[in-house]
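**Q** Sharing entry.cif below, mmCIF, C-alpha atoms and all ligand atoms:
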```
data_start
#
loop_
_atom_site.group_PDB
_atom_site.id
_atom_site.type_symbol
_atom_site.label_atom_id
_atom_site.label_comp_id
_atom_site.auth_asym_id
_atom_site.auth_seq_id
_atom_site.Cartn_x
_atom_site.Cartn_y
_atom_site.Cartn_z
ATOM 1 C CA MET A 25 14.673 10.847 -35.644
ATOM 2 C CA LYS A 26 13.993 14.373 -36.817
ATOM 3 C CA PRO A 27 12.202 17.002 -34.713
ATOM 4 C CA ALA A 28 8.642 18.022 -35.518
ATOM 5 C CA PRO A 29 8.604 21.401 -37.324
ATOM 6 C CA PHE A 30 9.000 24.480 -35.115
ATOM 7 C CA ASP A 31 9.594 28.212 -35.437
ATOM 8 C CA TYR A 32 12.717 29.789 -33.998
ATOM 9 C CA LEU A 33 13.080 33.248 -32.514
ATOM 10 C CA ARG A 34 16.407 34.758 -31.517
ATOM 11 C CA ALA A 35 15.428 37.083 -28.659
ATOM 12 C CA GLU A 36 17.419 40.304 -28.309
ATOM 13 C CA SER A 37 15.940 41.420 -24.977
ATOM 14 C CA ARG A 38 14.327 39.987 -21.872
ATOM 15 C CA GLU A 39 11.079 41.704 -22.879
ATOM 16 C CA ASP A 40 11.153 39.836 -26.216
ATOM 17 C CA VAL A 41 11.400 36.530 -24.364
ATOM 18 C CA LEU A 42 8.585 37.402 -21.949
ATOM 19 C CA ALA A 43 6.283 38.633 -24.723
ATOM 20 C CA GLN A 44 6.740 35.379 -26.672
ATOM 21 C CA LEU A 45 6.123 33.231 -23.599
ATOM 22 C CA HIS A 46 3.037 35.283 -22.773
ATOM 23 C CA GLU A 47 1.661 34.945 -26.300
ATOM 24 C CA HIS A 48 2.402 31.267 -26.917
ATOM 25 C CA GLY A 49 2.161 29.734 -23.400
ATOM 26 C CA ASP A 50 3.066 26.034 -23.332
ATOM 27 C CA GLN A 51 3.509 26.014 -27.133
ATOM 28 C CA ALA A 52 6.764 27.968 -26.675
ATOM 29 C CA ARG A 53 9.957 26.551 -25.167
ATOM 30 C CA ILE A 54 13.052 28.452 -24.192
ATOM 31 C CA ILE A 55 16.218 27.120 -25.736
ATOM 32 C CA ALA A 56 19.482 27.864 -23.929
ATOM 33 C CA GLY A 57 22.437 25.539 -24.621
ATOM 34 C CA GLY A 58 20.178 22.952 -26.257
ATOM 35 C CA GLN A 59 22.128 20.074 -24.692
ATOM 36 C CA SER A 60 19.000 18.516 -23.216
ATOM 37 C CA LEU A 61 16.278 20.116 -25.312
ATOM 38 C CA VAL A 62 17.677 19.247 -28.759
ATOM 39 C CA PRO A 63 17.830 15.500 -28.014
ATOM 40 C CA MET A 64 14.284 15.742 -26.651
ATOM 41 C CA LEU A 65 13.155 17.459 -29.864
ATOM 42 C CA SER A 66 14.909 14.861 -31.978
ATOM 43 C CA MET A 67 13.201 12.043 -30.107
ATOM 44 C CA ARG A 68 9.913 13.977 -30.289
ATOM 45 C CA LEU A 69 9.587 13.883 -26.522
ATOM 46 C CA ALA A 70 9.003 17.635 -26.871
ATOM 47 C CA LYS A 71 7.089 19.193 -29.775
ATOM 48 C CA PRO A 72 6.944 22.952 -29.180
ATOM 49 C CA ALA A 73 5.646 25.217 -31.924
ATOM 50 C CA LEU A 74 8.250 27.878 -31.104
ATOM 51 C CA LEU A 75 11.765 27.946 -29.667
ATOM 52 C CA VAL A 76 12.831 31.203 -28.010
ATOM 53 C CA ASP A 77 16.619 31.485 -27.910
ATOM 54 C CA VAL A 78 17.811 33.401 -24.810
ATOM 55 C CA MET A 79 21.552 33.183 -25.479
ATOM 56 C CA HIS A 80 21.866 36.588 -27.181
ATOM 57 C CA VAL A 81 20.191 38.605 -24.435
ATOM 58 C CA GLU A 82 22.950 40.692 -22.912
ATOM 59 C CA SER A 83 21.206 41.253 -19.558
ATOM 60 C CA LEU A 84 20.938 37.486 -18.961
ATOM 61 C CA SER A 85 24.627 36.785 -19.449
ATOM 62 C CA LYS A 86 25.995 38.037 -16.119
ATOM 63 C CA ILE A 87 27.576 36.454 -13.074
ATOM 64 C CA GLU A 88 27.094 38.939 -10.234
ATOM 65 C CA ALA A 89 27.793 39.039 -6.491
ATOM 66 C CA THR A 90 24.698 40.151 -4.528
ATOM 67 C CA ASP A 91 23.857 40.185 -0.808
ATOM 68 C CA ALA A 92 22.199 36.777 -1.270
ATOM 69 C CA GLY A 93 25.177 35.191 -3.037
ATOM 70 C CA ILE A 94 26.437 34.670 -6.559
ATOM 71 C CA ARG A 95 23.705 35.293 -9.099
ATOM 72 C CA VAL A 96 24.104 33.396 -12.377
ATOM 73 C CA GLY A 97 22.067 34.625 -15.356
ATOM 74 C CA ALA A 98 20.134 32.374 -17.737
ATOM 75 C CA GLY A 99 22.713 32.835 -20.496
ATOM 76 C CA VAL A 100 25.754 31.764 -18.457
ATOM 77 C CA ARG A 101 27.286 28.591 -19.780
ATOM 78 C CA GLN A 102 28.546 25.895 -17.409
ATOM 79 C CA ALA A 103 32.159 26.257 -18.631
ATOM 80 C CA ARG A 104 32.121 29.961 -17.762
ATOM 81 C CA LEU A 105 30.870 29.351 -14.224
ATOM 82 C CA LEU A 106 33.459 26.604 -13.749
ATOM 83 C CA ASP A 107 36.203 28.979 -14.867
ATOM 84 C CA TRP A 108 34.815 31.664 -12.523
ATOM 85 C CA ALA A 109 34.530 29.271 -9.559
ATOM 86 C CA THR A 110 38.066 27.949 -9.932
ATOM 87 C CA ARG A 111 39.405 31.521 -9.659
ATOM 88 C CA ASP A 112 37.001 32.945 -7.047
ATOM 89 C CA PRO A 113 36.807 31.147 -3.658
ATOM 90 C CA ARG A 114 33.149 31.999 -3.038
ATOM 91 C CA LEU A 115 31.681 28.938 -4.797
ATOM 92 C CA PRO A 116 33.843 25.974 -3.701
ATOM 93 C CA LEU A 117 31.032 23.425 -4.123
ATOM 94 C CA LEU A 118 30.477 24.460 -7.755
ATOM 95 C CA ALA A 119 34.222 24.362 -8.430
ATOM 96 C CA LYS A 120 34.167 20.724 -7.284
ATOM 97 C CA ALA A 121 30.885 19.669 -8.906
ATOM 98 C CA LEU A 122 30.984 21.289 -12.355
ATOM 99 C CA PRO A 123 33.822 19.120 -13.727
ATOM 100 C CA TRP A 124 31.412 16.182 -13.263
ATOM 101 C CA VAL A 125 28.786 17.737 -15.548
ATOM 102 C CA GLY A 126 29.018 16.032 -18.929
ATOM 103 C CA HIS A 127 32.134 16.854 -20.939
ATOM 104 C CA ALA A 128 34.042 20.013 -21.869
ATOM 105 C CA GLN A 129 32.082 20.086 -25.130
ATOM 106 C CA THR A 130 28.669 19.956 -23.405
ATOM 107 C CA ARG A 131 29.755 22.454 -20.711
ATOM 108 C CA ASN A 132 30.800 24.859 -23.467
ATOM 109 C CA ARG A 133 27.195 24.882 -24.715
ATOM 110 C CA GLY A 134 25.000 23.983 -21.731
ATOM 111 C CA THR A 135 23.904 26.626 -19.242
ATOM 112 C CA VAL A 136 23.662 26.453 -15.470
ATOM 113 C CA VAL A 137 20.057 27.675 -15.491
ATOM 114 C CA GLY A 138 19.136 25.266 -18.317
ATOM 115 C CA SER A 139 20.266 22.354 -16.181
ATOM 116 C CA VAL A 140 18.258 23.598 -13.188
ATOM 117 C CA ALA A 141 15.197 24.174 -15.431
ATOM 118 C CA HIS A 142 15.504 20.690 -16.936
ATOM 119 C CA ALA A 143 15.514 19.237 -13.380
ATOM 120 C CA ASP A 144 17.048 15.851 -14.097
ATOM 121 C CA PRO A 145 17.221 14.135 -10.673
ATOM 122 C CA SER A 146 20.801 12.987 -11.400
ATOM 123 C CA ALA A 147 22.083 16.405 -12.471
ATOM 124 C CA GLU A 148 24.794 18.070 -10.429
ATOM 125 C CA GLN A 149 23.771 21.735 -10.629
ATOM 126 C CA PRO A 150 20.231 21.356 -9.220
ATOM 127 C CA LEU A 151 21.732 19.282 -6.399
ATOM 128 C CA CYS A 152 24.296 21.982 -5.553
ATOM 129 C CA LEU A 153 21.669 24.731 -5.672
ATOM 130 C CA LEU A 154 19.436 22.784 -3.287
ATOM 131 C CA THR A 155 22.216 21.745 -0.894
ATOM 132 C CA LEU A 156 23.511 25.307 -0.609
ATOM 133 C CA GLY A 157 19.997 26.626 0.044
ATOM 134 C CA GLY A 158 19.946 28.656 -3.180
ATOM 135 C CA THR A 159 17.102 30.494 -4.856
ATOM 136 C CA LEU A 160 15.671 31.016 -8.359
ATOM 137 C CA GLN A 161 14.552 34.302 -9.814
ATOM 138 C CA LEU A 162 11.574 33.833 -12.149
ATOM 139 C CA ARG A 163 9.916 36.491 -14.257
ATOM 140 C CA HIS A 164 6.534 36.636 -15.952
ATOM 141 C CA ARG A 165 5.565 39.516 -18.273
ATOM 142 C CA LYS A 166 3.923 41.416 -15.414
ATOM 143 C CA LYS A 167 5.608 40.213 -12.257
ATOM 144 C CA ALA A 168 8.752 38.680 -10.821
ATOM 145 C CA ARG A 169 9.176 36.220 -7.990
ATOM 146 C CA SER A 170 12.000 34.506 -6.151
ATOM 147 C CA ILE A 171 11.603 30.987 -4.780
ATOM 148 C CA PRO A 172 13.898 28.694 -2.799
ATOM 149 C CA ALA A 173 15.284 25.665 -4.625
ATOM 150 C CA SER A 174 13.532 23.523 -1.980
ATOM 151 C CA GLU A 175 10.177 24.581 -3.506
ATOM 152 C CA PHE A 176 11.225 24.441 -7.158
ATOM 153 C CA PHE A 177 11.733 20.715 -7.783
ATOM 154 C CA VAL A 178 8.358 19.017 -7.501
ATOM 155 C CA GLY A 179 8.763 15.694 -9.328
ATOM 156 C CA MET A 180 10.764 13.815 -11.979
ATOM 157 C CA MET A 181 11.753 16.635 -14.377
ATOM 158 C CA ALA A 182 8.807 18.649 -13.046
ATOM 159 C CA THR A 183 9.210 22.067 -11.489
ATOM 160 C CA ALA A 184 7.227 24.941 -9.989
ATOM 161 C CA ARG A 185 7.934 27.112 -13.063
ATOM 162 C CA GLY A 186 4.820 28.335 -14.869
ATOM 163 C CA ASP A 187 4.642 27.962 -18.683
ATOM 164 C CA THR A 188 4.951 31.706 -19.225
ATOM 165 C CA GLU A 189 7.840 32.234 -16.778
ATOM 166 C CA LEU A 190 11.462 32.782 -17.654
ATOM 167 C CA ILE A 191 14.034 31.672 -15.097
ATOM 168 C CA GLU A 192 16.127 34.815 -15.176
ATOM 169 C CA SER A 193 18.856 33.567 -12.859
ATOM 170 C CA VAL A 194 19.752 31.298 -9.979
ATOM 171 C CA THR A 195 21.586 32.459 -6.852
ATOM 172 C CA PHE A 196 24.090 30.267 -5.037
ATOM 173 C CA PRO A 197 24.844 31.440 -1.465
ATOM 174 C CA ALA A 198 28.544 32.316 -1.119
ATOM 175 C CA ALA A 199 30.891 30.226 1.040
ATOM 176 C CA GLN A 200 30.733 31.032 4.763
ATOM 177 C CA PRO A 201 33.701 31.157 7.162
ATOM 178 C CA GLY A 202 34.173 27.948 9.176
ATOM 179 C CA THR A 203 32.297 25.881 6.606
ATOM 180 C CA GLY A 204 33.561 23.086 4.344
ATOM 181 C CA TYR A 205 32.133 21.925 1.019
ATOM 182 C CA ALA A 206 32.576 18.654 -0.875
ATOM 183 C CA PHE A 207 31.115 16.856 -3.871
ATOM 184 C CA ARG A 208 31.470 13.251 -5.035
ATOM 185 C CA GLU A 209 29.633 11.008 -7.441
ATOM 186 C CA VAL A 210 29.638 7.529 -8.905
ATOM 187 C CA GLY A 211 28.640 7.067 -12.542
ATOM 188 C CA ARG A 212 29.286 4.428 -15.155
ATOM 189 C CA ARG A 213 31.867 6.633 -16.892
ATOM 190 C CA HIS A 214 33.154 10.137 -16.259
ATOM 191 C CA GLY A 215 30.754 12.518 -18.024
ATOM 192 C CA ASP A 216 27.735 10.247 -17.587
ATOM 193 C CA PHE A 217 24.899 11.242 -15.320
ATOM 194 C CA ALA A 218 25.441 10.134 -11.722
ATOM 195 C CA ILE A 219 24.131 6.856 -10.371
ATOM 196 C CA VAL A 220 24.454 8.595 -7.003
ATOM 197 C CA ALA A 221 25.821 12.107 -6.410
ATOM 198 C CA CYS A 222 26.495 13.610 -2.987
ATOM 199 C CA ALA A 223 27.106 17.230 -1.996
ATOM 200 C CA ALA A 224 27.984 18.137 1.590
ATOM 201 C CA VAL A 225 28.176 21.359 3.580
ATOM 202 C CA ALA A 226 29.866 20.963 6.980
ATOM 203 C CA THR A 227 30.144 23.383 9.885
ATOM 204 C CA HIS A 228 31.516 22.767 13.379
ATOM 205 C CA THR A 229 28.108 21.709 14.672
ATOM 206 C CA GLY A 230 26.513 19.659 11.918
ATOM 207 C CA VAL A 231 26.400 18.708 8.268
ATOM 208 C CA ARG A 232 23.946 18.972 5.402
ATOM 209 C CA LEU A 233 24.029 16.174 2.849
ATOM 210 C CA GLY A 234 22.430 16.511 -0.576
ATOM 211 C CA VAL A 235 21.791 13.361 -2.617
ATOM 212 C CA GLY A 236 20.977 13.164 -6.330
ATOM 213 C CA GLY A 237 20.250 10.218 -8.588
ATOM 214 C CA VAL A 238 18.188 8.203 -6.109
ATOM 215 C CA ALA A 239 14.762 9.800 -5.701
ATOM 216 C CA ASP A 240 12.686 11.662 -8.326
ATOM 217 C CA ILE A 241 14.069 14.986 -7.099
ATOM 218 C CA PRO A 242 17.337 15.944 -5.436
ATOM 219 C CA ASN A 243 17.096 15.769 -1.657
ATOM 220 C CA VAL A 244 18.896 17.363 1.253
ATOM 221 C CA ARG A 245 18.993 16.485 4.954
ATOM 222 C CA GLU A 246 20.649 17.878 8.084
ATOM 223 C CA LEU A 247 22.702 15.189 9.854
ATOM 224 C CA PRO A 248 24.732 15.025 13.068
ATOM 225 C CA LEU A 249 28.527 15.042 12.843
ATOM 226 C CA PRO A 250 30.223 11.669 12.172
ATOM 227 C CA GLY A 251 31.292 10.289 15.532
ATOM 228 C CA ALA A 252 28.022 11.346 17.148
ATOM 229 C CA SER A 253 26.230 8.288 18.535
ATOM 230 C CA ASP A 254 23.310 8.701 16.139
ATOM 231 C CA PHE A 255 25.277 9.508 12.936
ATOM 232 C CA ASP A 256 25.255 6.038 11.342
ATOM 233 C CA ASP A 257 21.574 5.533 12.128
ATOM 234 C CA ALA A 258 20.685 8.943 10.694
ATOM 235 C CA LEU A 259 22.618 8.296 7.469
ATOM 236 C CA ASN A 260 21.115 4.817 7.109
ATOM 237 C CA GLN A 261 17.621 6.206 7.669
ATOM 238 C CA TYR A 262 18.261 8.847 4.992
ATOM 239 C CA ALA A 263 19.360 6.122 2.536
ATOM 240 C CA TRP A 264 16.104 4.229 3.128
ATOM 241 C CA ASP A 265 13.880 7.315 3.080
ATOM 242 C CA LEU A 266 15.014 8.170 -0.463
ATOM 243 C CA GLU A 267 13.056 5.098 -1.655
ATOM 244 C CA ALA A 268 15.586 3.989 -4.270
ATOM 245 C CA ARG A 269 14.356 1.882 -7.178
ATOM 246 C CA ASP A 270 16.062 -0.636 -9.460
ATOM 247 C CA ASP A 271 16.733 0.537 -13.001
ATOM 248 C CA LEU A 272 19.002 -0.276 -15.962
ATOM 249 C CA HIS A 273 21.999 1.329 -14.273
ATOM 250 C CA ALA A 274 21.866 0.054 -10.689
ATOM 251 C CA THR A 275 19.795 -1.776 -8.105
ATOM 252 C CA ALA A 276 18.033 0.008 -5.266
ATOM 253 C CA ARG A 277 20.272 -1.846 -2.822
ATOM 254 C CA TYR A 278 23.442 -0.602 -4.556
ATOM 255 C CA ARG A 279 22.124 2.975 -4.512
ATOM 256 C CA ARG A 280 21.348 2.774 -0.777
ATOM 257 C CA GLU A 281 24.844 1.463 -0.111
ATOM 258 C CA LEU A 282 26.301 4.326 -2.186
ATOM 259 C CA VAL A 283 24.340 6.851 -0.138
ATOM 260 C CA ARG A 284 25.854 5.387 3.043
ATOM 261 C CA ARG A 285 29.467 5.094 1.797
ATOM 262 C CA LEU A 286 29.729 8.000 -0.635
ATOM 263 C CA GLY A 287 27.654 10.128 1.733
ATOM 264 C CA ARG A 288 30.061 9.477 4.609
ATOM 265 C CA GLU A 289 33.130 10.120 2.406
ATOM 266 C CA THR A 290 31.661 13.382 1.113
ATOM 267 C CA ILE A 291 30.818 14.546 4.631
ATOM 268 C CA GLU A 292 34.309 13.652 5.882
ATOM 269 C CA GLU A 293 35.894 15.577 3.008
ATOM 270 C CA ALA A 294 33.695 18.605 3.733
ATOM 271 C CA LEU A 295 34.752 18.483 7.395
ATOM 272 C CA ARG A 296 38.432 18.422 6.379
ATOM 273 C CA CYS A 297 37.845 21.427 4.084
ATOM 274 C CA ARG A 298 36.401 23.686 6.810
ATOM 275 C CA ASN A 299 38.273 26.953 6.779
HETATM 276 C C1 LIG B 301 26.607 13.901 -23.859
HETATM 277 C C2 LIG B 301 25.918 14.670 -22.753
HETATM 278 C C3 LIG B 301 26.265 14.403 -21.439
HETATM 279 C C4 LIG B 301 25.649 15.109 -20.414
HETATM 280 N N1 LIG B 301 25.995 14.807 -19.129
HETATM 281 C C5 LIG B 301 25.438 15.509 -18.124
HETATM 282 C C6 LIG B 301 25.822 15.260 -16.768
HETATM 283 O O1 LIG B 301 26.673 14.421 -16.461
HETATM 284 N N2 LIG B 301 25.200 15.983 -15.812
HETATM 285 C C7 LIG B 301 24.243 16.930 -16.099
HETATM 286 O O2 LIG B 301 23.717 17.564 -15.181
HETATM 287 N N3 LIG B 301 23.870 17.182 -17.348
HETATM 288 C C8 LIG B 301 24.445 16.504 -18.366
HETATM 289 N N4 LIG B 301 24.065 16.772 -19.654
HETATM 290 C C9 LIG B 301 23.019 17.808 -19.888
HETATM 291 C C10 LIG B 301 23.672 19.198 -19.928
HETATM 292 O O3 LIG B 301 24.185 19.596 -18.695
HETATM 293 C C11 LIG B 301 22.649 20.259 -20.344
HETATM 294 O O4 LIG B 301 23.404 21.323 -20.750
HETATM 295 C C12 LIG B 301 21.676 20.759 -19.323
HETATM 296 O O5 LIG B 301 20.925 19.738 -18.722
HETATM 297 C C13 LIG B 301 20.654 21.705 -19.953
HETATM 298 O O6 LIG B 301 21.212 22.961 -20.163
HETATM 299 P P1 LIG B 301 21.025 23.690 -21.549
HETATM 300 O O7 LIG B 301 21.495 25.092 -21.352
HETATM 301 O O8 LIG B 301 21.663 22.906 -22.617
HETATM 302 O O9 LIG B 301 19.432 23.740 -21.664
HETATM 303 P P2 LIG B 301 18.479 23.375 -22.890
HETATM 304 O O10 LIG B 301 18.743 21.993 -23.370
HETATM 305 O O11 LIG B 301 18.489 24.473 -23.882
HETATM 306 O O12 LIG B 301 17.078 23.414 -22.104
HETATM 307 C C14 LIG B 301 16.732 22.397 -21.180
HETATM 308 C C15 LIG B 301 15.317 22.671 -20.642
HETATM 309 O O13 LIG B 301 15.325 23.818 -19.790
HETATM 310 C C16 LIG B 301 14.431 24.826 -20.291
HETATM 311 N N5 LIG B 301 15.093 26.107 -20.059
HETATM 312 C C17 LIG B 301 16.379 26.426 -20.359
HETATM 313 N N6 LIG B 301 16.665 27.657 -19.933
HETATM 314 C C18 LIG B 301 15.531 28.139 -19.346
HETATM 315 C C19 LIG B 301 15.195 29.370 -18.704
HETATM 316 N N7 LIG B 301 16.096 30.360 -18.553
HETATM 317 N N8 LIG B 301 13.955 29.538 -18.201
HETATM 318 C C20 LIG B 301 13.039 28.537 -18.317
HETATM 319 N N9 LIG B 301 13.305 27.350 -18.909
HETATM 320 C C21 LIG B 301 14.534 27.147 -19.420
HETATM 321 C C22 LIG B 301 14.245 24.492 -21.766
HETATM 322 O O14 LIG B 301 13.017 25.000 -22.271
HETATM 323 C C23 LIG B 301 14.287 22.984 -21.725
HETATM 324 O O15 LIG B 301 13.037 22.479 -21.304
HETATM 325 C C24 LIG B 301 24.658 16.097 -20.704
HETATM 326 C C25 LIG B 301 24.316 16.383 -22.018
HETATM 327 C C26 LIG B 301 24.932 15.672 -23.033
HETATM 328 C C27 LIG B 301 24.544 15.982 -24.456
#
```
If you took the structure in this file and wrote it as structure tokens, what would it be?
Ligand SMILES: Cc1cc2nc3c(=O)[nH]c(=O)nc-3n(C[C@H](O)[C@H](O)[C@H](O)COP(=O)(O)OP(=O)(O)OC[C@H]3O[C@@H](n4cnc5c(N)ncnc54)[C@H](O)[C@@H]3O)c2cc1C
**A**
Amino acid sequence: MKPAPFDYLRAESREDVLAQLHEHGDQARIIAGGQSLVPMLSMRLAKPALLVDVMHVESLSKIEATDAGIRVGAGVRQARLLDWATRDPRLPLLAKALPWVGHAQTRNRGTVVGSVAHADPSAEQPLCLLTLGGTLQLRHRKKARSIPASEFFVGMMATARGDTELIESVTFPAAQPGTGYAFREVGRRHGDFAIVACAAVATHTGVRLGVGGVADIPNVRELPLPGASDFDDALNQYAWDLEARDDLHATARYRRELVRRLGRETIEEALRCRN
């Protein structure tokens, strides 16, 4: 199918983007890498009157270390963050998760922020942001705000972003001493969205397990360490609480079993990786 007609604006500054969003409201859509939006346009699942391209705005193209962690601008492509994370030890979870995002070709176009904005429940980057306790920096023409990832994802591909807000960046907390990080997923083929994806952060006292692909939004839960008397019960309860459903790709029962097995494996790997 062909998209419905739309106008296109190549923004040169953040102010350009904000002015367009302010003027056009929900009739305008930001386009970043286009790896999710273009198929949606082609299928006419989205029919914006205007696309605002943010990929030529210099100030949005940075990866920066801040007190809160590693801040990734809206114009940073997934391939660039993967390259950064494989050379800098401060984002070990992203170094492990990003190779699972699509293919080299899609990572060369798609952005980290675009994936978070799109909020697919099976997507790896929203899951990592949530599991690490990251934040999003949003900006409206007159004001800016920062919100935790735990408040951003509100439903299936639905977020707390307002129609006139630009997500300027997302911030991933940097790796902490004595902490291990691991990521695993099961999909039909490498490069497909996950049937179940697990991200784990392990310290010497407990673990945090993030799960994507099961519920409408990515989820995260604190669990006891494996070996604790209540570990298996806690993991099993988590698998049930996600309220998995059958779909074309897998049954609810298979997804629950993946949460138990893949979840345990991911936690065990994170424990082994503690530095
Ligand atoms: C073949 C294929 C396989 C893929 N496999 C995977 C996979 O395994 N895992 C995975 O996670 N993804 C996968 N994807 C999707 C890919 O990661 C996309 O790049 C990503 O979901 C969206 O990023 P984008 O930069 O392309 O955003 P776009 O497609 O440009 O935008 C997506 C949405 O986010 C909004 N948006 C973008 N940037 C901003 C911003 N700064 N502020 C506010 N709103 C914004 C847009 O308006 C749009 O609604 C795949 C895509 C393809 C084509």
**Q** Have a look at A:Ala224, A:Val62, A:Leu160, A:Leu153 and name the one nearest to Ala98 of chain A; count only C-alpha atoms.
**A**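 Distance minimum relative to Ala98 of chain A lands on A:Leu160.
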**Q** Could you spell out the hits of the PyMOL selection byres (((not hetatm)) within 7 of (chain B and resi 301)) on the shown file, as JSON, numbers by chain?
**A** {"A": [53, 54, 55, 56, 57, 58, 59, 60, 61, 62, 98, 101, 124, 125, 126, 127, 130, 131, 133, 134, 135, 136, 137, 138, 139, 141, 142, 144, 146, 147, 148, 149, 189, 190, 191, 192, 215, 216, 217, 218]}
**Q** Can you work out which one of A:Ala258, A:Cys222, A:Ala92, A:Ile171 has the shortest atom-to-atom distance to Glu293 of chain A, counting all atoms listed in the file?
**A**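 Among A:Ala258, A:Cys222, A:Ala92, A:Ile171, it is A:Cys222 that comes nearest to Glu293 of chain A.
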**Q** Check the smallest atom-to-atom distance from each of A:Gly202, A:Arg169, A:Ile291, A:Cys152 to Asn243 of chain A using only C-alpha atoms, then report the winner.
**A** A:Cys152
**Q** Return the single residue from A:Leu118, A:Ala206, A:Leu266, A:Ala276 that is closest to Arg288 of chain A, with distances computed using only C-alpha atoms.
**A**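 Under the stated criterion, the closest residue is A:Ala206.
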**Q** Can you work out which one of A:Pro145, A:Gly204, A:Gly236, A:Pro197 has the shortest atom-to-atom distance to Glu88 of chain A, counting only C-alpha atoms?
**A**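 Of the candidates, the smallest distance to Glu88 of chain A is held by A:Pro197.
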**Q** Could you expand the PyMOL selection byres (((chain A and resi 81) around 7) and not hetatm) into the explicit residues it covers here, written as an MDAnalysis selection string?
**A** chainID A and resid 35:38 78:80 82:85
**Q** For Phe207 of chain A, please output as an MDAnalysis selection string all residues within 7 Å (counting only C-alpha atoms; exclusion window: fewer than 6 positions along the same chain).
**A** chainID A and resid 117 120:121 222:224 290
**Q** Output segment 207-223 of chain A as a PDB file, in the coordinates of the input, making sure N, CA and C atoms are there.
**A**
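And here's result28.pdb as it stands now:
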```pdb
ATOM      1  N   PHE A 207      32.008  17.478  -2.883  1.00  0.00           N
ATOM      2  CA  PHE A 207      31.115  16.856  -3.871  1.00  0.00           C
ATOM      3  C   PHE A 207      31.758  15.566  -4.371  1.00  0.00           C
ATOM      4  N   ARG A 208      30.981  14.513  -4.450  1.00  0.00           N
ATOM      5  CA  ARG A 208      31.470  13.251  -5.035  1.00  0.00           C
ATOM      6  C   ARG A 208      30.333  12.581  -5.782  1.00  0.00           C
ATOM      7  N   GLU A 209      30.693  11.804  -6.791  1.00  0.00           N
ATOM      8  CA  GLU A 209      29.633  11.008  -7.441  1.00  0.00           C
ATOM      9  C   GLU A 209      30.202   9.721  -8.001  1.00  0.00           C
ATOM     10  N   VAL A 210      29.290   8.779  -8.225  1.00  0.00           N
ATOM     11  CA  VAL A 210      29.638   7.529  -8.905  1.00  0.00           C
ATOM     12  C   VAL A 210      28.750   7.440 -10.133  1.00  0.00           C
ATOM     13  N   GLY A 211      29.376   7.267 -11.292  1.00  0.00           N
ATOM     14  CA  GLY A 211      28.640   7.067 -12.542  1.00  0.00           C
ATOM     15  C   GLY A 211      29.286   5.914 -13.285  1.00  0.00           C
ATOM     16  N   ARG A 212      28.698   5.543 -14.397  1.00  0.00           N
ATOM     17  CA  ARG A 212      29.286   4.428 -15.155  1.00  0.00           C
ATOM     18  C   ARG A 212      30.602   4.843 -15.796  1.00  0.00           C
ATOM     19  N   ARG A 213      30.634   6.083 -16.338  1.00  0.00           N
ATOM     20  CA  ARG A 213      31.867   6.633 -16.892  1.00  0.00           C
ATOM     21  C   ARG A 213      31.908   8.103 -16.530  1.00  0.00           C
ATOM     22  N   HIS A 214      33.101   8.702 -16.514  1.00  0.00           N
ATOM     23  CA  HIS A 214      33.154  10.137 -16.259  1.00  0.00           C
ATOM     24  C   HIS A 214      32.403  10.854 -17.390  1.00  0.00           C
ATOM     25  N   GLY A 215      31.543  11.798 -17.015  1.00  0.00           N
ATOM     26  CA  GLY A 215      30.754  12.518 -18.024  1.00  0.00           C
ATOM     27  C   GLY A 215      29.344  11.980 -18.130  1.00  0.00           C
ATOM     28  N   ASP A 216      29.104  10.765 -17.619  1.00  0.00           N
ATOM     29  CA  ASP A 216      27.735  10.247 -17.587  1.00  0.00           C
ATOM     30  C   ASP A 216      26.996  10.871 -16.408  1.00  0.00           C
ATOM     31  N   PHE A 217      25.680  10.823 -16.479  1.00  0.00           N
ATOM     32  CA  PHE A 217      24.899  11.242 -15.320  1.00  0.00           C
ATOM     33  C   PHE A 217      25.241  10.335 -14.142  1.00  0.00           C
ATOM     34  N   ALA A 218      25.070  10.880 -12.931  1.00  0.00           N
ATOM     35  CA  ALA A 218      25.441  10.134 -11.722  1.00  0.00           C
ATOM     36  C   ALA A 218      24.461   8.990 -11.454  1.00  0.00           C
ATOM     37  N   ILE A 219      24.996   7.885 -10.973  1.00  0.00           N
ATOM     38  CA  ILE A 219      24.131   6.856 -10.371  1.00  0.00           C
ATOM     39  C   ILE A 219      23.722   7.381  -8.986  1.00  0.00           C
ATOM     40  N   VAL A 220      24.719   7.847  -8.239  1.00  0.00           N
ATOM     41  CA  VAL A 220      24.454   8.595  -7.003  1.00  0.00           C
ATOM     42  C   VAL A 220      25.449   9.747  -6.937  1.00  0.00           C
ATOM     43  N   ALA A 221      24.951  10.938  -6.615  1.00  0.00           N
ATOM     44  CA  ALA A 221      25.821  12.107  -6.410  1.00  0.00           C
ATOM     45  C   ALA A 221      25.565  12.649  -5.011  1.00  0.00           C
ATOM     46  N   CYS A 222      26.631  13.059  -4.342  1.00  0.00           N
ATOM     47  CA  CYS A 222      26.495  13.610  -2.987  1.00  0.00           C
ATOM     48  C   CYS A 222      27.185  14.969  -2.911  1.00  0.00           C
ATOM     49  N   ALA A 223      26.514  15.920  -2.271  1.00  0.00           N
ATOM     50  CA  ALA A 223      27.106  17.230  -1.996  1.00  0.00           C
ATOM     51  C   ALA A 223      26.966  17.464  -0.499  1.00  0.00           C
TER      52      ALA A 223
END
```
